[in-house]
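Below is one structure, written out as structure tokens; comments come after it.
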Amino acid sequence: MPVDEAARAAAFWAAALGGEARPVPGEEQFTSLPRAVPGLVTSVQAVDDAPRYHLDIESDDVAAETDRLLALGAVEVGGWLECRTLRVPGGHLVCVIPVHSDPDEFAGAAHVWP
């Protein structure tokens, strides 16, 4: 989401989905939309780029998850801090990120790959 449109977009999505917009402490480019979509962590991110939707895939081993997705046909196109940005078949972007959710929720919902 372009930086100058992020606040308005976050307010729109919060109202449209029946939630509230909350700044994420320490990560000022993100505005969280808690419980906007049950089962998903939903946020608006302010970046100097075109608006788009993408998924963040949480992992307790970012390198291993990145390698797994690369083997499935994704291409790494960038990174930021500990996060890796991949373009997946079909052209969508996904980010593989370190665990940000509640550790118990992550442990309960995580898929363990063989």
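Note on naming: chains are A, B, ... as they come in the structure tokens, residues start from 1 per chain, ligands start from 1 in the order shown.
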Considering only C-alpha atoms, give me a table of residues in stretch 58-79 of chain A that are at most 7 Å from stretch 92-102 of chain A, with the closest atom pair and distance in Å for each, as JSON lines.
```
{"residue": "A:Glu58", "atom": "CA", "partner": "A:Ile97", "partner_atom": "CA", "distance": 4.9}
{"residue": "A:Ser59", "atom": "CA", "partner": "A:Pro98", "partner_atom": "CA", "distance": 5.2}
{"residue": "A:Asp60", "atom": "CA", "partner": "A:Val99", "partner_atom": "CA", "distance": 5.8}
{"residue": "A:Val62", "atom": "CA", "partner": "A:Pro98", "partner_atom": "CA", "distance": 6.1}
{"residue": "A:Thr66", "atom": "CA", "partner": "A:Val96", "partner_atom": "CA", "distance": 6.6}
```
Residues just named, written with N, CA and C atoms as a PDB file, in the first residue's frame:
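Dumped to part.pdb:
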```pdb
ATOM      1  N   GLU A  58       4.105 -17.482   8.314  1.00  0.00           N
ATOM      2  CA  GLU A  58       4.921 -17.521   9.536  1.00  0.00           C
ATOM      3  C   GLU A  58       5.664 -18.845   9.621  1.00  0.00           C
ATOM      4  N   SER A  59       6.880 -18.774  10.090  1.00  0.00           N
ATOM      5  CA  SER A  59       7.664 -19.998  10.248  1.00  0.00           C
ATOM      6  C   SER A  59       8.632 -19.855  11.417  1.00  0.00           C
ATOM      7  N   ASP A  60       8.848 -20.967  12.107  1.00  0.00           N
ATOM      8  CA  ASP A  60       9.870 -20.967  13.147  1.00  0.00           C
ATOM      9  C   ASP A  60      11.242 -21.298  12.563  1.00  0.00           C
ATOM     10  N   VAL A  62      12.662 -19.777   9.066  1.00  0.00           N
ATOM     11  CA  VAL A  62      12.445 -19.021   7.828  1.00  0.00           C
ATOM     12  C   VAL A  62      13.269 -19.596   6.681  1.00  0.00           C
ATOM     13  N   THR A  66      11.604 -21.097   3.352  1.00  0.00           N
ATOM     14  CA  THR A  66      11.951 -20.462   2.078  1.00  0.00           C
ATOM     15  C   THR A  66      12.463 -21.510   1.103  1.00  0.00           C
TER      16      THR A  66
END
```
Do a neighbour search on A:Gly78 at 10 Å with only C-alpha atoms, toss out local chain neighbours closer than 5 positions, and write the hits as a PyMOL selection string.
chain A and resi 83-87+95
Pick the closest to A:Gly79 from A:Glu20, A:Ala63, A:Gly26, A:Pro2: which is it, counting only C-alpha atoms?
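With only C-alpha atoms as the atom set, the closest residue is A:Ala63.
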So that I can check the surroundings of stretch 21-23 of chain A, please list as a PyMOL selection string every protein, DNA and RNA residue that reaches within 9 Å of it, counting only C-alpha atoms and ignoring chain neighbours fewer than 6 positions away.
chain A and resi 7+10-11+13-15+29-34+43-44
Rank nothing, just name the residue among A:Pro25, A:Pro51, A:Gly19, A:Pro38 nearest to A:Glu5, using only C-alpha atoms.
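When distances to A:Glu5 are compared using only C-alpha atoms, the smallest one comes from A:Pro51.
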Expressed in Å to a single decimal, how great is the separation between atom CA of A:Trp113 and atom CA of A:Val75?
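For atom CA of A:Trp113 relative to atom CA of A:Val75, the distance reads 20.0 Å.
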If you measure from atom CA of A:Pro114 to atom CA of A:Asp56, what distance in Å do you get, rounded to one decimal?
21.2 Å
Kindly give the distance, in Å, that separates atom CA of A:Arg68 and atom CA of A:Leu55, rounded to a single decimal.
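Spanning atom CA of A:Arg68 to atom CA of A:Leu55 is a straight-line distance of 16.0 Å.
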Using DSSP on the backbone coordinates, identify the residues of chain A assigned to strand (DSSP E or B); present them as a ChimeraX atom specification.
/A:2,22-23,30-32,37,40,43-45,47,55-59,75-80,83-87,93-98
Write the residues of the selection above to a file with N, CA and C atoms, as an mmCIF file, in the first residue's frame.
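File produced: selection21.cif:
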```cif
data_model
loop_
_atom_site.group_PDB
_atom_site.id
_atom_site.type_symbol
_atom_site.label_atom_id
_atom_site.label_comp_id
_atom_site.auth_asym_id
_atom_site.auth_seq_id
_atom_site.Cartn_x
_atom_site.Cartn_y
_atom_site.Cartn_z
ATOM 1 N N PRO A 2 0.725 2.136 -0.955
ATOM 2 C CA PRO A 2 1.518 3.368 -0.912
ATOM 3 C C PRO A 2 1.368 4.076 0.433
ATOM 4 N N ARG A 22 -5.377 -0.795 14.393
ATOM 5 C CA ARG A 22 -4.444 -0.538 15.498
ATOM 6 C C ARG A 22 -3.012 -0.485 14.969
ATOM 7 N N PRO A 23 -2.272 0.575 15.297
ATOM 8 C CA PRO A 23 -0.851 0.596 14.931
ATOM 9 C C PRO A 23 -0.123 -0.577 15.597
ATOM 10 N N PHE A 30 3.046 -0.988 9.697
ATOM 11 C CA PHE A 30 1.893 -1.886 9.753
ATOM 12 C C PHE A 30 0.770 -1.308 10.599
ATOM 13 N N THR A 31 -0.454 -1.505 10.134
ATOM 14 C CA THR A 31 -1.651 -1.234 10.917
ATOM 15 C C THR A 31 -2.417 -2.542 10.988
ATOM 16 N N SER A 32 -2.574 -3.073 12.174
ATOM 17 C CA SER A 32 -3.243 -4.352 12.390
ATOM 18 C C SER A 32 -4.756 -4.178 12.339
ATOM 19 N N VAL A 37 -10.592 -10.978 9.773
ATOM 20 C CA VAL A 37 -10.862 -12.207 9.031
ATOM 21 C C VAL A 37 -10.504 -13.356 9.965
ATOM 22 N N LEU A 40 -7.076 -15.534 10.276
ATOM 23 C CA LEU A 40 -5.958 -14.877 9.604
ATOM 24 C C LEU A 40 -5.571 -13.616 10.363
ATOM 25 N N SER A 43 -3.478 -7.180 8.173
ATOM 26 C CA SER A 43 -2.833 -5.876 8.393
ATOM 27 C C SER A 43 -2.779 -5.104 7.091
ATOM 28 N N VAL A 44 -2.637 -3.804 7.215
ATOM 29 C CA VAL A 44 -2.317 -2.932 6.095
ATOM 30 C C VAL A 44 -0.873 -2.519 6.293
ATOM 31 N N GLN A 45 -0.070 -2.635 5.234
ATOM 32 C CA GLN A 45 1.349 -2.271 5.315
ATOM 33 C C GLN A 45 1.607 -1.085 4.398
ATOM 34 N N VAL A 47 4.063 0.896 2.236
ATOM 35 C CA VAL A 47 5.338 0.719 1.537
ATOM 36 C C VAL A 47 5.371 1.671 0.350
ATOM 37 N N LEU A 55 0.277 -12.710 1.051
ATOM 38 C CA LEU A 55 0.269 -13.515 2.268
ATOM 39 C C LEU A 55 1.622 -13.465 2.939
ATOM 40 N N ASP A 56 1.612 -13.442 4.266
ATOM 41 C CA ASP A 56 2.811 -13.683 5.058
ATOM 42 C C ASP A 56 2.680 -15.091 5.605
ATOM 43 N N ILE A 57 3.703 -15.888 5.410
ATOM 44 C CA ILE A 57 3.729 -17.250 5.932
ATOM 45 C C ILE A 57 4.668 -17.256 7.121
ATOM 46 N N GLU A 58 4.105 -17.482 8.314
ATOM 47 C CA GLU A 58 4.921 -17.521 9.536
ATOM 48 C C GLU A 58 5.664 -18.845 9.621
ATOM 49 N N SER A 59 6.880 -18.774 10.090
ATOM 50 C CA SER A 59 7.664 -19.998 10.248
ATOM 51 C C SER A 59 8.632 -19.855 11.417
ATOM 52 N N VAL A 75 10.280 -18.023 -6.538
ATOM 53 C CA VAL A 75 11.551 -17.359 -6.813
ATOM 54 C C VAL A 75 11.736 -16.265 -5.768
ATOM 55 N N GLU A 76 12.904 -16.241 -5.119
ATOM 56 C CA GLU A 76 13.154 -15.194 -4.121
ATOM 57 C C GLU A 76 13.427 -13.880 -4.833
ATOM 58 N N VAL A 77 12.707 -12.825 -4.419
ATOM 59 C CA VAL A 77 12.853 -11.522 -5.068
ATOM 60 C C VAL A 77 13.322 -10.430 -4.112
ATOM 61 N N GLY A 78 13.435 -10.741 -2.821
ATOM 62 C CA GLY A 78 13.897 -9.716 -1.898
ATOM 63 C C GLY A 78 13.820 -10.177 -0.470
ATOM 64 N N GLY A 79 14.191 -9.276 0.406
ATOM 65 C CA GLY A 79 14.140 -9.567 1.830
ATOM 66 C C GLY A 79 14.193 -8.282 2.620
ATOM 67 N N TRP A 80 13.775 -8.393 3.852
ATOM 68 C CA TRP A 80 13.792 -7.253 4.759
ATOM 69 C C TRP A 80 13.919 -7.821 6.158
ATOM 70 N N CYS A 83 12.841 -11.388 7.095
ATOM 71 C CA CYS A 83 11.775 -11.824 6.191
ATOM 72 C C CYS A 83 12.321 -12.041 4.786
ATOM 73 N N ARG A 84 11.718 -12.971 4.054
ATOM 74 C CA ARG A 84 12.078 -13.246 2.670
ATOM 75 C C ARG A 84 10.839 -13.069 1.803
ATOM 76 N N THR A 85 10.983 -12.352 0.687
ATOM 77 C CA THR A 85 9.882 -12.128 -0.240
ATOM 78 C C THR A 85 10.069 -13.031 -1.446
ATOM 79 N N LEU A 86 9.005 -13.753 -1.772
ATOM 80 C CA LEU A 86 9.043 -14.700 -2.877
ATOM 81 C C LEU A 86 7.929 -14.379 -3.868
ATOM 82 N N ARG A 87 8.206 -14.604 -5.162
ATOM 83 C CA ARG A 87 7.161 -14.555 -6.182
ATOM 84 C C ARG A 87 6.820 -16.012 -6.486
ATOM 85 N N LEU A 93 3.011 -12.312 -4.693
ATOM 86 C CA LEU A 93 4.110 -12.224 -3.741
ATOM 87 C C LEU A 93 3.675 -12.803 -2.403
ATOM 88 N N VAL A 94 4.579 -13.501 -1.747
ATOM 89 C CA VAL A 94 4.381 -13.959 -0.375
ATOM 90 C C VAL A 94 5.645 -13.608 0.397
ATOM 91 N N CYS A 95 5.497 -13.408 1.689
ATOM 92 C CA CYS A 95 6.652 -13.190 2.555
ATOM 93 C C CYS A 95 6.718 -14.333 3.553
ATOM 94 N N VAL A 96 7.895 -14.885 3.731
ATOM 95 C CA VAL A 96 8.136 -15.862 4.789
ATOM 96 C C VAL A 96 8.723 -15.069 5.940
ATOM 97 N N ILE A 97 8.025 -15.111 7.084
ATOM 98 C CA ILE A 97 8.400 -14.265 8.223
ATOM 99 C C ILE A 97 8.604 -15.114 9.474
ATOM 100 N N PRO A 98 9.410 -14.620 10.413
ATOM 101 C CA PRO A 98 9.528 -15.314 11.696
ATOM 102 C C PRO A 98 8.192 -15.245 12.446
#
```
Distance criterion (only C-alpha atoms): nearest to A:Gly73 out of A:Asp61, A:Arg52, A:Gly90, A:Arg8
A:Gly90
Members of stretch 15-110 of chain A assigned helix (DSSP H, G or I) by DSSP, as a list of chain:residue names
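Answer for stretch 15-110 of chain A, restricted to helix (DSSP H, G or I): A:Ala15, A:Ala16, A:Leu17, A:Val62, A:Ala63, A:Ala64, A:Glu65, A:Thr66, A:Asp67, A:Arg68, A:Leu69, A:Leu70, A:Ala71, A:Pro103, A:Asp104, A:Glu105, A:Phe106, A:Ala107, A:Gly108, A:Ala109.
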Would you mind exporting all heavy atoms of the selected residues as a short mmCIF file (atom, residue, chain, number, x, y, z; two decimals), in the first residue's frame?
```cif
data_model
loop_
_atom_site.label_atom_id
_atom_site.label_comp_id
_atom_site.auth_asym_id
_atom_site.auth_seq_id
_atom_site.Cartn_x
_atom_site.Cartn_y
_atom_site.Cartn_z
N ALA A 15 -13.54 -0.60 8.86
CA ALA A 15 -14.99 -0.36 8.80
C ALA A 15 -15.69 -1.41 7.94
O ALA A 15 -16.76 -1.92 8.31
CB ALA A 15 -15.26 1.04 8.27
N ALA A 16 -15.10 -1.77 6.82
CA ALA A 16 -15.72 -2.73 5.91
C ALA A 16 -15.84 -4.12 6.53
O ALA A 16 -16.81 -4.83 6.29
CB ALA A 16 -14.92 -2.80 4.60
N LEU A 17 -14.84 -4.49 7.34
CA LEU A 17 -14.82 -5.84 7.92
C LEU A 17 -15.32 -5.86 9.36
O LEU A 17 -15.33 -6.91 9.99
CB LEU A 17 -13.40 -6.41 7.84
CG LEU A 17 -12.85 -6.57 6.42
CD1 LEU A 17 -11.39 -6.95 6.45
CD2 LEU A 17 -13.67 -7.59 5.63
N VAL A 62 12.66 -19.78 9.07
CA VAL A 62 12.45 -19.02 7.83
C VAL A 62 13.27 -19.60 6.68
O VAL A 62 12.78 -19.74 5.56
CB VAL A 62 12.74 -17.52 8.05
CG1 VAL A 62 12.76 -16.75 6.73
CG2 VAL A 62 11.72 -16.93 9.01
N ALA A 63 14.52 -19.95 6.94
CA ALA A 63 15.38 -20.48 5.87
C ALA A 63 14.83 -21.78 5.31
O ALA A 63 14.76 -21.97 4.09
CB ALA A 63 16.80 -20.67 6.38
N ALA A 64 14.41 -22.69 6.17
CA ALA A 64 13.89 -23.98 5.72
C ALA A 64 12.58 -23.80 4.95
O ALA A 64 12.36 -24.46 3.92
CB ALA A 64 13.69 -24.93 6.90
N GLU A 65 11.69 -22.93 5.44
CA GLU A 65 10.43 -22.71 4.75
C GLU A 65 10.67 -22.03 3.40
O GLU A 65 10.03 -22.37 2.41
CB GLU A 65 9.46 -21.89 5.60
CG GLU A 65 8.11 -21.66 4.97
CD GLU A 65 7.30 -22.92 4.70
OE1 GLU A 65 7.72 -24.04 5.07
OE2 GLU A 65 6.21 -22.78 4.11
N THR A 66 11.60 -21.10 3.35
CA THR A 66 11.95 -20.46 2.08
C THR A 66 12.46 -21.51 1.10
O THR A 66 12.02 -21.56 -0.05
CB THR A 66 13.00 -19.35 2.30
OG1 THR A 66 12.44 -18.36 3.15
CG2 THR A 66 13.42 -18.73 0.99
N ASP A 67 13.37 -22.37 1.54
CA ASP A 67 13.89 -23.43 0.68
C ASP A 67 12.78 -24.35 0.18
O ASP A 67 12.76 -24.76 -0.98
CB ASP A 67 14.95 -24.26 1.42
CG ASP A 67 16.26 -23.49 1.61
OD1 ASP A 67 16.45 -22.44 0.96
OD2 ASP A 67 17.07 -23.94 2.45
N ARG A 68 11.82 -24.69 1.05
CA ARG A 68 10.72 -25.57 0.67
C ARG A 68 9.89 -24.93 -0.43
O ARG A 68 9.54 -25.56 -1.43
CB ARG A 68 9.85 -25.88 1.90
CG ARG A 68 8.77 -26.92 1.66
CD ARG A 68 7.93 -27.13 2.92
NE ARG A 68 6.98 -26.05 3.11
CZ ARG A 68 5.80 -25.97 2.48
NH1 ARG A 68 5.44 -26.90 1.62
NH2 ARG A 68 4.98 -24.97 2.73
N LEU A 69 9.59 -23.64 -0.27
CA LEU A 69 8.77 -22.94 -1.27
C LEU A 69 9.54 -22.73 -2.57
O LEU A 69 8.96 -22.81 -3.66
CB LEU A 69 8.26 -21.62 -0.70
CG LEU A 69 7.31 -21.78 0.50
CD1 LEU A 69 6.98 -20.42 1.11
CD2 LEU A 69 6.04 -22.53 0.11
N LEU A 70 10.85 -22.49 -2.49
CA LEU A 70 11.67 -22.38 -3.70
C LEU A 70 11.64 -23.70 -4.48
O LEU A 70 11.52 -23.70 -5.70
CB LEU A 70 13.10 -21.99 -3.35
CG LEU A 70 13.30 -20.58 -2.78
CD1 LEU A 70 14.75 -20.38 -2.34
CD2 LEU A 70 12.87 -19.50 -3.76
N ALA A 71 11.70 -24.82 -3.77
CA ALA A 71 11.66 -26.13 -4.42
C ALA A 71 10.31 -26.38 -5.09
O ALA A 71 10.23 -27.16 -6.05
CB ALA A 71 11.95 -27.23 -3.39
N PRO A 103 2.80 -17.61 20.65
CA PRO A 103 3.50 -18.89 20.50
C PRO A 103 2.60 -20.12 20.66
O PRO A 103 2.76 -21.10 19.93
CB PRO A 103 4.58 -18.85 21.58
CG PRO A 103 4.80 -17.41 21.84
CD PRO A 103 3.47 -16.74 21.62
N ASP A 104 1.64 -20.06 21.57
CA ASP A 104 0.73 -21.20 21.75
C ASP A 104 -0.19 -21.36 20.55
O ASP A 104 -0.46 -22.48 20.11
CB ASP A 104 -0.08 -21.05 23.03
CG ASP A 104 0.77 -21.18 24.29
OD1 ASP A 104 1.83 -21.87 24.22
OD2 ASP A 104 0.40 -20.58 25.32
N GLU A 105 -0.69 -20.24 20.01
CA GLU A 105 -1.53 -20.31 18.82
C GLU A 105 -0.72 -20.85 17.64
O GLU A 105 -1.22 -21.67 16.86
CB GLU A 105 -2.09 -18.93 18.46
CG GLU A 105 -3.18 -18.47 19.38
CD GLU A 105 -3.73 -17.10 18.98
OE1 GLU A 105 -3.74 -16.78 17.75
OE2 GLU A 105 -4.15 -16.36 19.88
N PHE A 106 0.51 -20.37 17.49
CA PHE A 106 1.35 -20.86 16.41
C PHE A 106 1.56 -22.36 16.53
O PHE A 106 1.37 -23.10 15.57
CB PHE A 106 2.71 -20.13 16.40
CG PHE A 106 3.62 -20.63 15.31
CD1 PHE A 106 3.52 -20.17 14.02
CD2 PHE A 106 4.59 -21.60 15.59
CE1 PHE A 106 4.34 -20.64 13.02
CE2 PHE A 106 5.43 -22.08 14.61
CZ PHE A 106 5.30 -21.60 13.30
N ALA A 107 1.93 -22.81 17.72
CA ALA A 107 2.18 -24.24 17.93
C ALA A 107 0.93 -25.07 17.63
O ALA A 107 1.03 -26.17 17.07
CB ALA A 107 2.66 -24.49 19.35
N GLY A 108 -0.23 -24.55 17.99
CA GLY A 108 -1.46 -25.29 17.77
C GLY A 108 -1.90 -25.33 16.32
O GLY A 108 -2.60 -26.27 15.91
N ALA A 109 -1.51 -24.33 15.52
CA ALA A 109 -2.00 -24.25 14.14
C ALA A 109 -0.92 -24.58 13.11
O ALA A 109 -1.25 -24.78 11.94
CB ALA A 109 -2.54 -22.85 13.88
#
```
I need the residue nearest A:Ala36 from this list: A:Val112, A:Phe12, A:Asp48, A:Leu81. Use only C-alpha atoms for the distance.
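The shortest atom-to-atom distance to A:Ala36 comes from A:Phe12.
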